[in-house]
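Contents: one structure, followed by commentary.
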Amino acid sequence: MSEFVLIPMYEKVIQDLLEKQYSVVDHFFSIEDVEHLRESLLQKYDEDEFKKAAIGNQFNEQIIKTIRGDFISWIDEIQKNEAESIFFDKIEHFTNYLNRTCFLGIQEREFHYALYPIGTFYKRHLDTFQNDDSRKLSIVCYLNEEDWQEDFGGELAIYKEKESINIFPLKGRMVVFESQILEHEVKPVQRERLSITGWLKTRKL
């Protein structure tokens with residue numbers, strides 16, 4: 001067995017999750033990696049590989065414009081490109097660390113690109129389903145341009161019992177939070193908003 005090495009960035013995420021159920025990390029991925037992922041997203045969007053996002057899972061899927069307005073493209077790990085391969089390698093390393101230190105039992109993952117056109121949003125919701133509670137941690141990595149400003153909107157609002165926290169989608173910023181605990185929403189965007197969104201999951205019984 002290889003020697004276990006503490007990784008400060010991962011430890012910060014773990015400590016944040018223990019204390020407040022969410023964590024914000026601004027340099028999880030390098031700027032170069034973020035730019036390559038942004039290029040990958042835009043290329044797939046130009047090639048019409050995105051579809052209108054829906055509500056619910058595959059057993060209860062509806063498209064409701066009054067609840068969410070983003071377009072998504074699921075990332076196939078079998079056919080991943082170079083940028084996506086780097087992304088998944090880092091996520092796998094992070095997941096293995098979590099399983100070894102926190103015994104979360106994460107065995108699966110799913111991620112998609114997300115693009116919010118101007119004027120769209122995603123109303124307050126929880127990242128879990130009545131017939132599927134396998135999602136444990138939600139992860140969002142923002143792929144926006146360098147000059148994202150507060151008046152562009154698109155902030156992630158996380159709701160806790162006595163407060164709400166607004167997190168702006170700065171380029172390269174990653175947010176991790178507990179899928180089954182924290183309700184959240186994406187506020188209306190005034191400029192096209194790009195991200196990778198996904199979940200670390202336990203295996204369904």
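Quick note on naming: the chains in the structure tokens go A, B, ... in the order shown, residues restart at 1 in each chain, and ligands are numbered from 1 in order of appearance.
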
Inset, instruction - Any chance you could list, as a PyMOL selection string, the residues in stretch 5-173 of chain A that come up alpha helix (DSSP H) when DSSP is run on the backbone? - result: chain A and resi 8-20+31-46+82-102

Legend entry - All residues 7 Å or closer to stretch 189-201 of chain A, only C-alpha atoms, same chain fewer than 6 positions away omitted, as a ChimeraX atom specification: /A:106-121,134-144,152-154

Legend entry - Between atom CA of A:Thr95 and atom CA of A:Lys12 - distance in Å to one decimal: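 These atoms are spaced 14.3 Å apart.
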
Inset, instruction - Could you give me, as a PyMOL selection string, the residues within 6 Å of stretch 29-43 of chain A, counting only C-alpha atoms and dropping anything in the same chain fewer than 3 positions from it? - result: chain A and resi 46+83+143+172
